[in-house]
Amino acid sequence: GIKNNGVGAYSRVHYGNSYVNAFWDDSCFCMTYGDGSGNAKPLTAIDVAGHEMSHGVTSATANLTYSGESGGLNEATSDIFGT
């Protein structure tokens with residue numbers, strides 16, 4: 001798994017009502033995907049999933065807070081690893 005503990009992270013899909021985003025949630029160690037506005041499918045493209053998984057790796061290994069320069073590094077790392 002992402003934490004190197006043999007346990008996989010899971011995905012929550014169809015989050016909210018027309019939620020136009022995806023995010024990593026440390027409280028459940030999971031990825032969450034909204035359906036977008038007017039879409040029939042959740043926002044689960046492979047690059048989006050990779051981006052969110054990378055937030056999990058960063059959370060488990062780098063201890064970067066999600067604000068300021070540290071947050072910028074967190075987001076940039078997820079962008080790079082997700083593509």
# chains A, B, ... in the order shown; residues from 1 in each chain; ligands from 1
call {"tool": "select_by_dssp", "arguments": {"residues": "chain A", "states": "strand (DSSP E or B)", "output": "ChimeraX atom specification"}}
result
/A:10-15,22-25,30-34
call {"tool": "select_by_dssp", "arguments": {"residues": "stretch 24-65 of chain A", "states": "helix (DSSP H, G or I)", "output": "list in words"}}
result
Ile46, Asp47, Val48, Ala49, Gly50, His51, Glu52, Met53, Ser54, His55, Gly56, Val57, Thr58, Ser59, Ala60 and Thr61 of chain A
call {"tool": "write_last_selection", "arguments": {"atoms": "C-alpha atoms", "output": "PDB file, in the first residue's frame"}}
result
ATOM      1  CA  ILE A  46      -5.802   8.158 -14.535  1.00  0.00           C
ATOM      2  CA  ASP A  47      -3.830  11.391 -14.099  1.00  0.00           C
ATOM      3  CA  VAL A  48      -6.269  12.647 -11.455  1.00  0.00           C
ATOM      4  CA  ALA A  49      -6.071   9.313  -9.604  1.00  0.00           C
ATOM      5  CA  GLY A  50      -2.254   9.380  -9.802  1.00  0.00           C
ATOM      6  CA  HIS A  51      -2.216  12.944  -8.502  1.00  0.00           C
ATOM      7  CA  GLU A  52      -4.386  12.051  -5.505  1.00  0.00           C
ATOM      8  CA  MET A  53      -2.395   8.875  -4.764  1.00  0.00           C
ATOM      9  CA  SER A  54       0.758  10.996  -4.794  1.00  0.00           C
ATOM     10  CA  HIS A  55      -0.754  13.173  -2.060  1.00  0.00           C
ATOM     11  CA  GLY A  56      -1.056   9.971  -0.033  1.00  0.00           C
ATOM     12  CA  VAL A  57       2.592   9.088  -0.618  1.00  0.00           C
ATOM     13  CA  THR A  58       3.629  12.620   0.339  1.00  0.00           C
ATOM     14  CA  SER A  59       1.475  12.468   3.456  1.00  0.00           C
ATOM     15  CA  ALA A  60       2.992   9.143   4.512  1.00  0.00           C
ATOM     16  CA  THR A  61       6.620  10.007   3.778  1.00  0.00           C
TER      17      THR A  61
END
call {"tool": "atom_distance", "arguments": {"atom1": "atom CA of A:Gly68", "atom2": "atom CA of A:Thr83"}}
result
23.1 Å
call {"tool": "closest_residue", "arguments": {"among": "A:Asn63, A:Thr77, A:Ser18, A:Ser11", "to": "A:Cys30", "atoms": "only C-alpha atoms"}}
result
A:Ser11
call {"tool": "atom_distance", "arguments": {"atom1": "atom CA of A:Ser78", "atom2": "atom CA of A:Gly16"}}
result
23.2 Å
call {"tool": "closest_residue", "arguments": {"among": "A:Thr44, A:Ala62, A:His14, A:Ile2", "to": "A:Phe29", "atoms": "only C-alpha atoms"}}
result
A:Ile2
call {"tool": "atom_distance", "arguments": {"atom1": "atom CA of A:Leu43", "atom2": "atom CA of A:Ala22"}}
result
6.9 Å
